[in-house]
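Chemist: Contents of final_0.cif (mmCIF, C-alpha atoms):
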```cif
data_query
#
loop_
_atom_site.label_atom_id
_atom_site.label_comp_id
_atom_site.auth_asym_id
_atom_site.auth_seq_id
_atom_site.Cartn_x
_atom_site.Cartn_y
_atom_site.Cartn_z
CA MET T 1 0.00 0.00 0.00
CA GLN T 2 3.00 2.29 0.16
CA ARG T 3 2.67 3.23 -3.53
CA VAL T 4 -1.04 4.02 -3.01
CA ALA T 5 -0.19 6.31 -0.08
CA ASP T 6 2.59 8.02 -2.06
CA LEU T 7 0.29 8.64 -5.03
CA VAL T 8 -2.50 10.05 -2.84
CA ASN T 9 -0.12 12.33 -0.96
CA ARG T 10 1.08 13.71 -4.33
CA GLY T 11 -2.54 14.39 -5.34
CA GLU T 12 -2.57 11.65 -8.00
CA TYR T 13 -5.93 10.26 -6.95
CA GLY T 14 -6.87 8.63 -10.25
CA GLN T 15 -3.61 6.71 -10.44
CA ALA T 16 -4.03 5.62 -6.82
CA LEU T 17 -7.55 4.39 -7.52
CA VAL T 18 -6.31 2.28 -10.44
CA ARG T 19 -3.56 0.87 -8.22
CA LEU T 20 -6.11 -0.08 -5.56
CA TRP T 21 -8.29 -1.73 -8.21
CA MET T 22 -5.37 -3.90 -9.29
CA ILE T 23 -4.45 -4.84 -5.70
CA ALA T 24 -8.08 -5.74 -4.91
CA GLY T 25 -8.12 -8.17 -7.84
CA GLN T 26 -4.87 -9.91 -6.92
CA ASN T 27 -4.58 -13.28 -5.22
CA ASP T 28 -2.55 -13.27 -2.01
CA GLY T 29 -1.70 -16.95 -2.40
CA GLN T 30 -4.99 -18.60 -1.53
CA THR T 31 -7.68 -15.91 -1.47
CA LEU T 32 -8.65 -12.98 -3.66
CA ARG T 33 -7.46 -9.91 -1.80
CA LEU T 34 -10.85 -8.23 -2.04
CA ASN T 35 -12.48 -11.24 -0.39
CA ALA T 36 -10.05 -10.94 2.50
CA TRP T 37 -10.81 -7.23 2.82
CA GLU T 38 -14.53 -7.98 2.93
CA ARG T 39 -14.18 -10.67 5.60
CA THR T 40 -12.10 -8.46 7.90
CA ARG T 41 -14.18 -5.31 7.42
CA ASP T 42 -15.44 -3.74 10.64
CA ALA T 43 -19.11 -3.42 9.69
CA ASN T 44 -20.04 -1.43 12.79
CA GLY T 45 -17.25 1.13 12.46
CA PHE T 46 -17.10 1.21 8.67
CA GLY T 47 -18.95 4.51 8.23
CA ASP T 48 -16.66 6.26 10.71
CA GLN T 49 -13.58 4.90 8.93
CA VAL T 50 -14.84 6.20 5.58
CA GLY T 51 -15.55 9.59 7.17
CA ARG T 52 -12.04 9.89 8.62
CA PHE T 53 -10.40 9.04 5.31
CA ARG T 54 -12.71 11.47 3.51
CA ARG T 55 -11.76 14.29 5.85
CA ASP T 56 -8.05 13.50 5.41
CA LEU T 57 -8.40 13.63 1.63
CA GLN T 58 -10.33 16.88 1.75
CA SER T 59 -7.88 18.57 4.13
CA GLU T 60 -4.81 17.21 2.29
CA THR T 61 -3.66 15.43 5.44
CA ALA T 62 -0.99 12.86 4.65
CA VAL T 63 -2.30 9.29 4.55
CA THR T 64 -0.08 6.41 5.67
CA ALA T 65 0.21 2.97 4.12
CA GLU T 66 -0.47 1.49 7.58
CA ALA T 67 -3.80 3.35 7.84
CA ILE T 68 -4.87 2.11 4.41
CA ASP T 69 -3.82 -1.46 5.27
CA ALA T 70 -5.92 -1.33 8.44
CA ALA T 71 -9.15 -0.43 6.58
CA PRO T 72 -8.63 -0.86 2.81
CA LEU T 73 -12.30 -0.94 1.81
CA ALA T 74 -13.09 2.21 3.76
CA PHE T 75 -10.23 3.92 1.95
CA VAL T 76 -11.48 2.63 -1.42
CA VAL T 77 -14.92 4.15 -0.78
CA ALA T 78 -13.51 7.52 0.35
CA LEU T 79 -10.99 7.79 -2.50
CA ASP T 80 -13.51 6.62 -5.10
CA GLU T 81 -15.97 9.29 -3.98
CA THR T 82 -13.39 12.09 -3.78
CA THR T 83 -11.89 11.29 -7.20
CA TRP T 84 -15.37 11.27 -8.75
CA LEU T 85 -16.14 14.69 -7.25
CA LEU T 86 -12.98 16.07 -8.82
CA HIS T 87 -14.04 14.64 -12.17
CA THR T 88 -17.44 16.35 -11.97
CA SER T 89 -15.71 19.70 -11.55
CA GLN T 90 -13.25 19.04 -14.40
CA PRO T 91 -15.06 16.67 -16.81
CA SER T 92 -13.03 14.51 -19.17
CA SER T 93 -13.60 11.54 -21.46
CA GLY T 94 -11.67 9.32 -19.09
CA GLN T 95 -8.01 9.04 -18.20
CA LEU T 96 -5.47 6.42 -19.21
CA PHE T 97 -3.08 5.18 -16.52
CA GLU T 98 -0.25 2.64 -16.51
CA GLU T 99 0.41 0.30 -13.59
CA ASP T 100 2.79 -2.67 -13.65
CA ARG T 101 3.20 -2.26 -17.42
CA GLN T 102 -0.54 -2.52 -17.98
CA ARG T 103 -2.71 0.36 -19.17
CA PHE T 104 -6.18 1.11 -17.83
CA TRP T 105 -8.91 3.61 -18.53
CA LEU T 106 -10.47 5.24 -15.46
CA LEU T 107 -14.07 6.11 -16.33
CA PRO T 108 -16.54 7.91 -14.06
CA THR T 109 -19.85 6.17 -13.43
CA GLU T 110 -22.66 8.69 -13.83
CA LEU T 111 -25.70 6.44 -13.54
CA SER T 112 -26.87 5.59 -10.04
CA ALA T 113 -25.09 2.40 -9.13
CA GLU T 114 -27.20 -0.68 -8.68
CA ARG T 115 -24.06 -2.29 -7.26
CA THR T 116 -24.73 -2.41 -3.50
CA PRO T 117 -22.05 -4.10 -1.34
CA LEU T 118 -23.69 -7.20 0.07
CA GLY T 119 -22.17 -10.09 1.97
CA ARG T 120 -23.02 -12.47 -0.87
CA GLN T 121 -21.21 -10.32 -3.45
CA THR T 122 -17.70 -11.28 -2.40
CA GLY T 123 -15.01 -10.56 -4.93
CA ASN T 124 -17.11 -7.94 -6.73
CA ARG T 125 -14.90 -4.89 -7.18
CA GLU T 126 -17.74 -2.95 -8.82
CA ALA T 127 -19.64 -3.16 -5.52
CA TRP T 128 -16.97 -1.04 -3.81
CA PHE T 129 -15.56 1.10 -6.63
CA ARG T 130 -19.06 2.43 -7.16
CA ARG T 131 -18.32 5.75 -8.89
CA HIS T 132 -15.66 4.57 -11.32
CA ARG T 133 -14.92 1.76 -13.68
CA VAL T 134 -11.38 0.67 -14.33
CA VAL T 135 -11.22 -0.70 -17.86
CA PRO T 136 -8.19 -2.36 -19.49
CA GLU T 137 -6.90 -0.79 -22.67
CA MET T 138 -6.37 -4.38 -23.86
CA THR T 139 -8.66 -7.15 -22.63
CA THR T 140 -7.48 -10.63 -21.68
CA THR T 141 -8.62 -11.80 -25.14
CA SER T 142 -6.64 -9.05 -26.94
CA ILE T 143 -9.52 -6.74 -27.79
CA HIS T 144 -8.33 -3.13 -27.84
CA VAL T 145 -10.55 -0.63 -26.00
CA ASN T 146 -10.88 2.91 -27.38
CA VAL T 147 -12.53 5.69 -25.37
CA ILE T 148 -14.05 8.86 -26.85
CA ALA T 149 -16.14 11.70 -25.38
CA ALA T 150 -19.56 12.90 -26.50
CA THR T 151 -19.49 16.30 -28.21
CA GLY T 152 -21.88 18.81 -29.77
CA ARG T 153 -25.62 18.25 -29.63
CA LEU T 154 -25.18 14.78 -28.10
CA ALA T 155 -23.13 16.18 -25.21
CA GLU T 156 -25.63 19.00 -24.67
CA PHE T 157 -28.57 16.59 -24.70
CA CYS T 158 -26.91 14.26 -22.19
CA HIS T 159 -26.02 17.16 -19.89
CA GLU T 160 -29.65 18.33 -20.00
CA LEU T 161 -30.77 14.87 -18.92
CA ALA T 162 -28.05 14.75 -16.26
CA ALA T 163 -29.38 17.95 -14.70
CA LYS T 164 -32.65 16.18 -13.83
CA ASP T 165 -33.20 14.08 -10.72
CA GLU T 166 -34.68 11.39 -12.95
CA PHE T 167 -34.96 11.13 -16.71
CA ALA T 168 -36.23 8.86 -19.47
CA LEU T 169 -34.21 7.89 -22.52
CA LEU T 170 -36.37 6.83 -25.48
CA GLY T 171 -35.05 4.20 -27.85
CA TRP T 172 -36.62 3.12 -31.12
CA ILE T 173 -35.98 -0.46 -32.23
CA GLY T 174 -36.45 -1.13 -35.93
CA HIS T 175 -37.71 -4.29 -37.65
CA PHE T 176 -38.43 -4.76 -41.36
CA ASP T 177 -41.34 -6.78 -42.76
CA ASP T 178 -41.05 -6.07 -46.49
CA SER T 179 -40.13 -8.04 -49.62
CA ALA T 180 -36.46 -7.03 -49.79
CA ARG T 181 -33.99 -9.93 -49.65
CA LEU T 182 -30.24 -10.24 -49.23
CA LYS T 183 -27.96 -10.61 -52.23
CA SER T 184 -24.86 -12.71 -51.55
CA ASP T 185 -21.65 -13.84 -53.21
CA LEU T 186 -21.30 -17.56 -52.48
CA SER T 187 -18.40 -18.24 -54.86
CA SER T 188 -16.27 -19.46 -51.93
CA ALA T 189 -17.82 -22.74 -50.85
CA GLY T 190 -19.68 -22.36 -47.56
CA ARG T 191 -18.68 -18.70 -47.24
CA PHE T 192 -20.89 -15.69 -47.98
CA TRP T 193 -20.13 -12.05 -48.72
CA LEU T 194 -23.19 -9.78 -48.68
CA LEU T 195 -23.58 -7.52 -51.71
CA GLY T 196 -26.75 -5.62 -50.83
CA LEU T 197 -30.54 -5.81 -50.62
CA SER T 198 -32.97 -6.31 -53.51
CA PRO T 199 -35.15 -4.63 -54.58
CA PRO T 200 -33.18 -1.70 -53.14
CA ASP T 201 -36.05 0.79 -53.41
CA VAL T 202 -38.33 -1.43 -51.29
CA ARG T 203 -35.93 -1.53 -48.34
CA GLN T 204 -35.00 2.15 -48.74
CA ASP T 205 -38.67 3.12 -48.53
CA SER T 206 -38.95 0.96 -45.40
CA ILE T 207 -35.93 2.71 -43.88
CA ARG T 208 -37.48 6.13 -44.46
CA ASP T 209 -40.77 4.94 -42.98
CA ALA T 210 -38.96 3.58 -39.89
CA LEU T 211 -37.15 6.89 -39.35
CA ASN T 212 -40.39 8.86 -39.80
CA ARG T 213 -42.15 6.69 -37.22
CA ALA T 214 -39.25 6.89 -34.79
CA ALA T 215 -39.20 10.69 -35.10
CA ALA T 216 -42.96 10.90 -34.56
CA ASP T 217 -42.50 8.85 -31.37
CA GLY T 218 -39.84 11.30 -30.12
CA ALA T 219 -37.02 8.74 -30.01
CA HIS T 220 -33.60 9.81 -28.79
CA VAL T 221 -31.75 6.70 -30.02
CA VAL T 222 -32.55 4.63 -33.13
CA LEU T 223 -31.27 1.08 -33.63
CA LEU T 224 -31.87 -1.02 -36.77
CA PRO T 225 -31.07 -4.75 -37.13
CA GLU T 226 -28.00 -6.46 -38.57
CA PHE T 227 -28.01 -7.15 -42.35
CA THR T 228 -31.09 -4.96 -42.96
CA VAL T 229 -29.45 -1.71 -44.10
CA ASP T 230 -26.85 -2.11 -46.83
CA LEU T 231 -24.29 0.53 -47.78
CA ALA T 232 -26.77 2.28 -50.10
CA GLY T 233 -29.28 2.23 -47.25
CA ARG T 234 -26.76 3.95 -44.97
CA LYS T 235 -26.68 6.83 -47.42
CA VAL T 236 -30.47 6.99 -47.23
CA VAL T 237 -30.24 7.24 -43.43
CA ALA T 238 -27.60 10.00 -43.57
CA THR T 239 -29.61 11.96 -46.17
CA TRP T 240 -32.82 11.65 -44.12
CA LEU T 241 -31.07 12.97 -41.02
CA LEU T 242 -29.83 16.04 -42.90
CA GLU T 243 -33.16 16.70 -44.60
CA HIS T 244 -35.16 16.46 -41.34
CA SER T 245 -33.26 18.88 -39.15
CA ASP T 246 -36.05 18.98 -36.56
CA HIS T 247 -35.82 15.25 -35.75
CA PRO T 248 -35.28 14.31 -32.09
CA PHE T 249 -32.52 11.73 -32.61
CA CYS T 250 -29.13 12.02 -30.93
CA LEU T 251 -27.72 8.63 -31.93
CA VAL T 252 -28.50 6.29 -34.80
CA VAL T 253 -27.15 2.81 -35.58
CA ALA T 254 -28.24 1.82 -39.08
CA GLY T 255 -27.77 -1.88 -38.43
CA SER T 256 -24.58 -3.50 -39.70
CA PHE T 257 -23.50 -4.84 -43.06
CA HIS T 258 -20.53 -6.27 -44.92
CA GLU T 259 -18.22 -3.52 -46.09
CA ASP T 260 -14.92 -3.35 -48.00
CA THR T 261 -13.06 -0.81 -45.88
CA GLY T 262 -9.90 -0.57 -47.94
CA LYS T 263 -8.12 -2.43 -45.16
CA GLY T 264 -10.15 -5.58 -45.66
CA ARG T 265 -13.75 -6.73 -45.59
CA PHE T 266 -15.61 -6.55 -42.28
CA ASN T 267 -19.12 -6.66 -40.86
CA THR T 268 -19.36 -3.04 -39.70
CA ALA T 269 -21.80 -0.91 -37.75
CA GLU T 270 -21.61 2.88 -37.63
CA LEU T 271 -22.71 5.02 -34.72
CA LEU T 272 -24.04 8.26 -36.23
CA ASN T 273 -24.87 11.60 -34.64
CA HIS T 274 -27.95 13.70 -35.44
CA LEU T 275 -26.31 15.03 -38.63
CA GLY T 276 -25.48 11.56 -39.92
CA GLU T 277 -21.82 12.04 -39.11
CA ARG T 278 -19.87 8.97 -38.01
CA LEU T 279 -18.86 8.95 -34.35
CA PHE T 280 -17.18 5.57 -34.57
CA VAL T 281 -17.26 2.28 -36.47
CA HIS T 282 -17.46 -1.14 -34.86
CA ARG T 283 -16.16 -4.21 -36.68
CA LYS T 284 -17.79 -7.48 -35.66
CA LEU T 285 -15.65 -9.49 -33.25
CA ARG T 286 -17.37 -12.88 -33.46
CA LEU T 287 -18.60 -13.95 -36.88
CA TYR T 288 -21.68 -15.96 -37.84
CA GLY T 289 -21.10 -19.55 -38.93
CA SER T 290 -18.61 -22.35 -38.49
CA ALA T 291 -15.72 -24.02 -40.26
CA GLU T 292 -17.99 -26.88 -41.34
CA GLY T 293 -20.98 -24.86 -42.55
CA LEU T 294 -22.16 -21.50 -43.84
CA ALA T 295 -20.13 -18.59 -42.46
CA GLU T 296 -19.41 -14.90 -43.02
CA TYR T 297 -16.50 -14.38 -45.42
CA VAL T 298 -15.08 -11.27 -43.75
CA GLY T 299 -12.30 -10.34 -41.35
CA VAL T 300 -12.62 -10.31 -37.58
CA GLY T 301 -12.51 -7.01 -35.68
CA ASN T 302 -10.13 -6.55 -32.75
CA SER T 303 -11.44 -3.47 -30.92
CA MET T 304 -14.43 -1.88 -29.24
CA THR T 305 -15.16 1.79 -28.62
CA VAL T 306 -16.61 3.28 -25.45
CA LEU T 307 -18.47 6.59 -25.77
CA VAL T 308 -18.45 8.58 -22.51
CA THR T 309 -21.46 10.83 -21.89
CA ALA T 310 -22.97 12.66 -18.94
CA ILE T 311 -25.50 9.81 -18.58
CA GLY T 312 -22.99 6.97 -18.70
CA THR T 313 -20.92 4.94 -21.12
CA LEU T 314 -22.23 3.49 -24.38
CA THR T 315 -20.99 1.02 -26.97
CA VAL T 316 -22.12 -0.88 -30.06
CA LEU T 317 -21.69 -4.65 -30.41
CA ILE T 318 -22.93 -6.82 -33.29
CA CYS T 319 -25.00 -9.93 -32.54
CA LYS T 320 -22.55 -12.68 -31.42
CA ASP T 321 -20.21 -10.05 -29.95
CA PHE T 322 -22.84 -9.58 -27.28
CA MET T 323 -24.27 -13.02 -26.55
CA ASP T 324 -21.80 -15.66 -27.73
CA ALA T 325 -20.29 -18.05 -25.17
CA HIS T 326 -16.93 -18.21 -26.97
CA GLN T 327 -14.03 -17.19 -24.75
CA SER T 328 -13.12 -14.29 -27.05
CA VAL T 329 -16.27 -12.34 -26.08
CA ALA T 330 -17.97 -14.21 -23.21
CA THR T 331 -16.56 -11.93 -20.51
CA LEU T 332 -16.14 -8.78 -22.60
CA LEU T 333 -18.79 -6.74 -20.76
CA GLN T 334 -17.43 -7.84 -17.40
CA GLU T 335 -13.94 -6.62 -18.30
CA VAL T 336 -15.35 -3.50 -19.97
CA PRO T 337 -18.54 -2.64 -18.03
CA ILE T 338 -20.95 -0.50 -20.06
CA ASP T 339 -24.06 1.44 -19.05
CA TRP T 340 -25.79 1.35 -22.45
CA VAL T 341 -25.16 -1.23 -25.19
CA LEU T 342 -26.74 -1.13 -28.67
CA VAL T 343 -26.85 -4.48 -30.49
CA PRO T 344 -27.94 -4.97 -34.13
CA SER T 345 -28.63 -8.69 -34.62
CA TYR T 346 -29.73 -11.27 -37.22
CA GLY T 347 -30.58 -14.89 -36.43
CA ASP T 348 -33.18 -17.30 -35.13
CA GLN T 349 -35.07 -18.01 -31.92
CA LYS T 350 -31.95 -19.45 -30.30
CA THR T 351 -30.12 -16.19 -31.07
CA THR T 352 -32.88 -14.20 -29.40
CA ASP T 353 -32.97 -16.52 -26.38
CA ASN T 354 -29.20 -16.10 -25.91
CA HIS T 355 -29.51 -12.31 -26.21
CA ILE T 356 -32.23 -12.26 -23.54
CA LYS T 357 -30.15 -14.37 -21.18
CA ARG T 358 -27.02 -12.25 -21.61
CA ALA T 359 -28.93 -8.96 -21.30
CA THR T 360 -30.76 -10.17 -18.20
CA ASP T 361 -27.55 -11.30 -16.52
CA LEU T 362 -25.89 -7.95 -17.25
CA ALA T 363 -28.90 -6.06 -15.88
CA LYS T 364 -29.46 -8.09 -12.71
CA LEU T 365 -25.92 -8.95 -11.69
CA SER T 366 -23.04 -6.80 -12.85
CA PRO T 367 -22.52 -4.12 -14.03
CA GLY T 368 -26.17 -3.03 -14.41
CA THR T 369 -26.15 -2.63 -18.21
CA ARG T 370 -29.14 -1.35 -20.19
CA SER T 371 -29.32 -3.39 -23.41
CA ILE T 372 -31.16 -2.52 -26.63
CA ILE T 373 -31.29 -5.33 -29.20
CA ALA T 374 -32.72 -4.91 -32.72
CA THR T 375 -33.02 -8.28 -34.43
CA GLN T 376 -34.26 -9.76 -37.69
CA ARG T 377 -35.06 -13.41 -38.42
CA ASN T 378 -32.65 -15.15 -40.78
CA ILE T 379 -35.27 -16.32 -43.29
CA GLU T 380 -32.49 -17.16 -45.76
CA VAL T 381 -31.82 -20.23 -43.59
CA ALA T 382 -35.13 -20.97 -41.88
CA ALA T 383 -38.54 -19.35 -42.16
CA GLY T 384 -40.63 -18.62 -39.09
CA ASP T 385 -42.43 -15.96 -37.13
CA PRO T 386 -40.80 -12.51 -36.99
CA LEU T 387 -38.31 -11.90 -34.19
CA PRO T 388 -38.56 -8.18 -33.39
CA GLY T 389 -36.20 -6.64 -30.88
CA PHE T 390 -36.41 -5.79 -27.22
CA ALA T 391 -34.77 -3.86 -24.41
CA ILE T 392 -33.75 -5.03 -20.93
CA SER T 393 -32.92 -2.75 -18.01
CA PRO T 394 -31.67 -3.07 -14.42
CA PRO T 395 -32.05 -3.78 -11.64
CA ALA T 396 -34.74 -6.46 -12.17
CA GLY T 397 -33.99 -7.28 -15.80
CA ASP T 398 -37.35 -5.95 -17.01
CA CYS T 399 -37.93 -6.66 -20.70
CA GLN T 400 -39.73 -4.41 -23.20
CA ASN T 401 -40.67 -6.03 -26.53
CA VAL T 402 -41.59 -4.34 -29.80
CA GLY T 403 -43.86 -5.58 -32.58
CA LYS T 404 -42.95 -6.70 -36.09
CA ALA T 405 -43.08 -3.09 -37.31
CA GLY T 406 -40.61 -2.00 -34.62
CA GLY T 407 -41.39 0.38 -31.81
CA LEU T 408 -40.43 2.55 -28.87
CA VAL T 409 -38.79 1.46 -25.60
CA THR T 410 -38.33 3.68 -22.54
CA PHE T 411 -35.50 3.65 -20.03
CA ALA T 412 -36.13 5.42 -16.73
CA ALA T 413 -32.87 6.26 -14.96
CA SER T 414 -31.28 8.51 -12.39
CA LEU T 415 -27.75 9.77 -11.89
CA THR T 416 -25.31 9.51 -9.04
CA LYS T 417 -25.66 12.59 -6.83
CA HIS T 418 -23.02 14.49 -4.90
CA PRO T 419 -22.72 13.52 -1.24
CA GLN T 420 -24.03 16.25 1.04
CA GLY T 421 -21.81 18.63 3.00
CA ILE T 422 -18.50 17.87 1.26
CA ARG T 423 -15.92 20.59 0.71
CA LEU T 424 -12.79 19.83 -1.28
CA LYS T 425 -9.67 21.89 -1.69
CA ILE T 426 -7.25 20.09 -3.94
CA ILE T 427 -4.03 21.06 -5.71
CA ASN T 428 -3.88 18.90 -8.80
CA LYS T 429 -0.73 17.24 -10.11
CA ASN T 430 -0.47 19.62 -13.08
CA ASN T 431 0.48 22.41 -10.65
CA LYS T 432 -2.55 24.51 -11.45
CA LEU T 433 -4.01 26.82 -8.86
CA PRO T 434 -5.97 25.12 -6.08
CA TYR T 435 -9.73 25.18 -6.37
CA THR T 436 -12.56 24.56 -3.93
CA LEU T 437 -15.64 22.47 -4.66
CA ASP T 438 -18.67 22.75 -2.39
CA CYS T 439 -21.48 20.19 -2.37
CA ILE T 440 -24.25 21.39 -0.10
#
```
Can I see the file as structure tokens?
Modeler:
Amino acid sequence: MQRVADLVNRGEYGQALVRLWMIAGQNDGQTLRLNAWERTRDANGFGDQVGRFRRDLQSETAVTAEAIDAAPLAFVVALDETTWLLHTSQPSSGQLFEEDRQRFWLLPTELSAERTPLGRQTGNREAWFRRHRVVPEMTTTSIHVNVIAATGRLAEFCHELAAKDEFALLGWIGHFDDSARLKSDLSSAGRFWLLGLSPPDVRQDSIRDALNRAAADGAHVVLLPEFTVDLAGRKVVATWLLEHSDHPFCLVVAGSFHEDTGKGRFNTAELLNHLGERLFVHRKLRLYGSAEGLAEYVGVGNSMTVLVTAIGTLTVLICKDFMDAHQSVATLLQEVPIDWVLVPSYGDQKTTDNHIKRATDLAKLSPGTRSIIATQRNIEVAAGDPLPGFAISPPAGDCQNVGKAGGLVTFAASLTKHPQGIRLKIINKNNKLPYTLDCI
């Protein structure tokens, strides 16, 4: 704990928090260190311990390694809270820190944490680091994590929501029930490369109708299914957004489709802002198919992007990226906890069942993710009833379904509030003038 104490006494709170996160996840030979901290915690005196550490941090009183060792969880809570308060006064998209030759993003958690420390939640760091998430720049399965900040109208919209005690985010989940069908190149045996949708005008009319309906419903976020909007359809979406400047959308995901990027072929999804401008592109991490049967003939992505907003973090994952049990993605959203995840999907009833299970687990257990899934039945392989999308939210894993024409889902949420009666006077490590932050 000596390094933690040294970092704190130099005012490097974020770095110290990352260091504590790493220590909490280490094994001391037989037991996870966090489990040992939980078992030896003084439940009766815990609040007083947190209060003493909080006062020391606020008054810039030197903290000793011995004091931290004596009550590590109390120090985690106090430092986590104080570091978050500093972030709220100097917002950023997240900070990147290096510890033991590993690099981690430190991201503030804006949504009210459903993660309550309970005796049965041993080993759950998110239950104690409640106001931050420590995210690896590279996951254990070699997926690179990028972090960007919301800007422009999106940032303004999220800050307006954040100013409310409670708010509702409206999502519109698309589903297409027209005569358009996929065109594929199957020249490589068992492998398919999608060329587009035919007739193109049929699907493009359906796209415009979906956007008109979503706008009439006042949607903030629009999500369309995988393999339902080809590259020509993306242009239709971008044109519609520019031509309807009064629309209420802040984010749009026009499904995903096979694309020749110039650096290879990938199944890509674009996150667009209200002007149709690309915020980021996600390349599918876990492809459809198998070595023995039909499979996507595209490259595999190796990164995910986290968008930081005033109402939490958001990402886009494509179908199997989200729900597949393969080791490459099975624990992705545990390593990189996300508040809001948008998932365009294409498949069958089994696909939908797996999505529901994954979304429910993420909502009810950890980290409290709100999942929006837009799906379309793969009628190229097997006909059946439509499989429209759904949304699942914490803490109970409540599910909202939409009909075969798509529809609106509503997420009620609240943000983490400042603790009462806290006064901070901190000199930051960049040698800027000290500032005072009052929370009353």
Chemist: Taking (-11.3, -5.7, 0.1) in the file's coordinates as the center, which residues reach within 7 Å of it, counting all atoms listed in the file, put as a list in words?
Modeler: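 All residues meeting the 7 Å criterion around (-11.3, -5.7, 0.1) are Ala24, Arg33, Leu34, Asn35, Ala36, Trp37, Glu38, Pro72 and Leu73 of chain T.
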Chemist: Evaluating the PyMOL selection byres ((chain T and resi 125) around 8) on the displayed file yields which residues, as a list in words?
Modeler: Trp21, Ala24, Gly25, Leu34, Gly123, Asn124, Glu126, Ala127, Trp128 and Phe129 of chain T
Chemist: Considering only C-alpha atoms, give me a table of residues in region 130-189 of chain T that are at most 8 Å from region 334-353 of chain T, with the closest atom pair and distance in Å for each, as a tab-separated table.
Modeler:
```
residue	atom	partner	partner_atom	distance
T:Arg133	CA	T:Pro337	CA	7.2
T:Val135	CA	T:Val336	CA	5.4
T:Pro136	CA	T:Glu335	CA	7.3
T:Thr139	CA	T:Glu335	CA	6.8
```
Chemist: Would you mind reading off the distance between CA of Lys164 (chain T) and CA of Ser414 (chain T), one decimal, in Å?
Modeler: 7.9 Å
Chemist: Report the residues retrieved by the PyMOL selection byres ((chain T and resi 249-254) around 9) from the displayed file, expressed as a count of residues only.
Modeler: 38
Chemist: Interatomic distance between CA of Ala155 (chain T) and CA of Leu307 (chain T)?
Modeler: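 Separation of CA of Ala155 (chain T) and CA of Leu307 (chain T): 10.7 Å.
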Chemist: For the structure provided, state which residues fall under the PyMOL selection byres ((chain T and resi 140) around 10), and present them as a list of chain:residue names.
Modeler: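 Listing what the PyMOL selection byres ((chain T and resi 140) around 10) selects in the shown file: T:Pro136, T:Glu137, T:Met138, T:Thr139, T:Thr141, T:Ser142, T:Ile143, T:His144, T:Gln327, T:Ser328, T:Val329, T:Thr331, T:Leu332, T:Glu335.
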Chemist: In Å, with one decimal, what is the gap from CA of Leu111 (chain T) to CA of Leu317 (chain T)?
Modeler: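 According to the coordinates, CA of Leu111 (chain T) and CA of Leu317 (chain T) are separated by 20.6 Å.
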Chemist: Excluding Val147 (chain T) and residues on its chain fewer than 3 positions from it, collect all residues at most 12 Å away from it, counting all atoms listed in the file, and give them as a PDB file with C-alpha atoms, in the frame of the given file.
Modeler:
```pdb
ATOM      1  CA  SER T  92     -13.030  14.510 -19.170  1.00  0.00           C
ATOM      2  CA  SER T  93     -13.600  11.540 -21.460  1.00  0.00           C
ATOM      3  CA  GLY T  94     -11.670   9.320 -19.090  1.00  0.00           C
ATOM      4  CA  GLN T  95      -8.010   9.040 -18.200  1.00  0.00           C
ATOM      5  CA  LEU T  96      -5.470   6.420 -19.210  1.00  0.00           C
ATOM      6  CA  PHE T 104      -6.180   1.110 -17.830  1.00  0.00           C
ATOM      7  CA  TRP T 105      -8.910   3.610 -18.530  1.00  0.00           C
ATOM      8  CA  LEU T 106     -10.470   5.240 -15.460  1.00  0.00           C
ATOM      9  CA  LEU T 107     -14.070   6.110 -16.330  1.00  0.00           C
ATOM     10  CA  VAL T 135     -11.220  -0.700 -17.860  1.00  0.00           C
ATOM     11  CA  PRO T 136      -8.190  -2.360 -19.490  1.00  0.00           C
ATOM     12  CA  GLU T 137      -6.900  -0.790 -22.670  1.00  0.00           C
ATOM     13  CA  MET T 138      -6.370  -4.380 -23.860  1.00  0.00           C
ATOM     14  CA  HIS T 144      -8.330  -3.130 -27.840  1.00  0.00           C
ATOM     15  CA  ALA T 150     -19.560  12.900 -26.500  1.00  0.00           C
ATOM     16  CA  LEU T 279     -18.860   8.950 -34.350  1.00  0.00           C
ATOM     17  CA  PHE T 280     -17.180   5.570 -34.570  1.00  0.00           C
ATOM     18  CA  SER T 303     -11.440  -3.470 -30.920  1.00  0.00           C
ATOM     19  CA  MET T 304     -14.430  -1.880 -29.240  1.00  0.00           C
ATOM     20  CA  THR T 305     -15.160   1.790 -28.620  1.00  0.00           C
ATOM     21  CA  VAL T 306     -16.610   3.280 -25.450  1.00  0.00           C
ATOM     22  CA  LEU T 307     -18.470   6.590 -25.770  1.00  0.00           C
ATOM     23  CA  VAL T 308     -18.450   8.580 -22.510  1.00  0.00           C
ATOM     24  CA  THR T 309     -21.460  10.830 -21.890  1.00  0.00           C
ATOM     25  CA  THR T 313     -20.920   4.940 -21.120  1.00  0.00           C
ATOM     26  CA  LEU T 314     -22.230   3.490 -24.380  1.00  0.00           C
ATOM     27  CA  THR T 315     -20.990   1.020 -26.970  1.00  0.00           C
ATOM     28  CA  VAL T 336     -15.350  -3.500 -19.970  1.00  0.00           C
ATOM     29  CA  ILE T 338     -20.950  -0.500 -20.060  1.00  0.00           C
TER      30      ILE T 338
END
```
Chemist: When you look at Arg208 (chain T) with a cut-off of 8 Å (counting only C-alpha atoms), what residues show up, excluding the ones that are within fewer than 3 positions of it in the same chain? I need them as a PyMOL selection string.
Modeler: chain T and resi 204-205+211-212+236-237+240
Chemist: Point out the residue among T:Gly293, T:Gln2, T:Phe192, T:Pro108 with the least atom-to-atom distance to Ala149 (chain T), counting only C-alpha atoms.
Modeler: T:Pro108
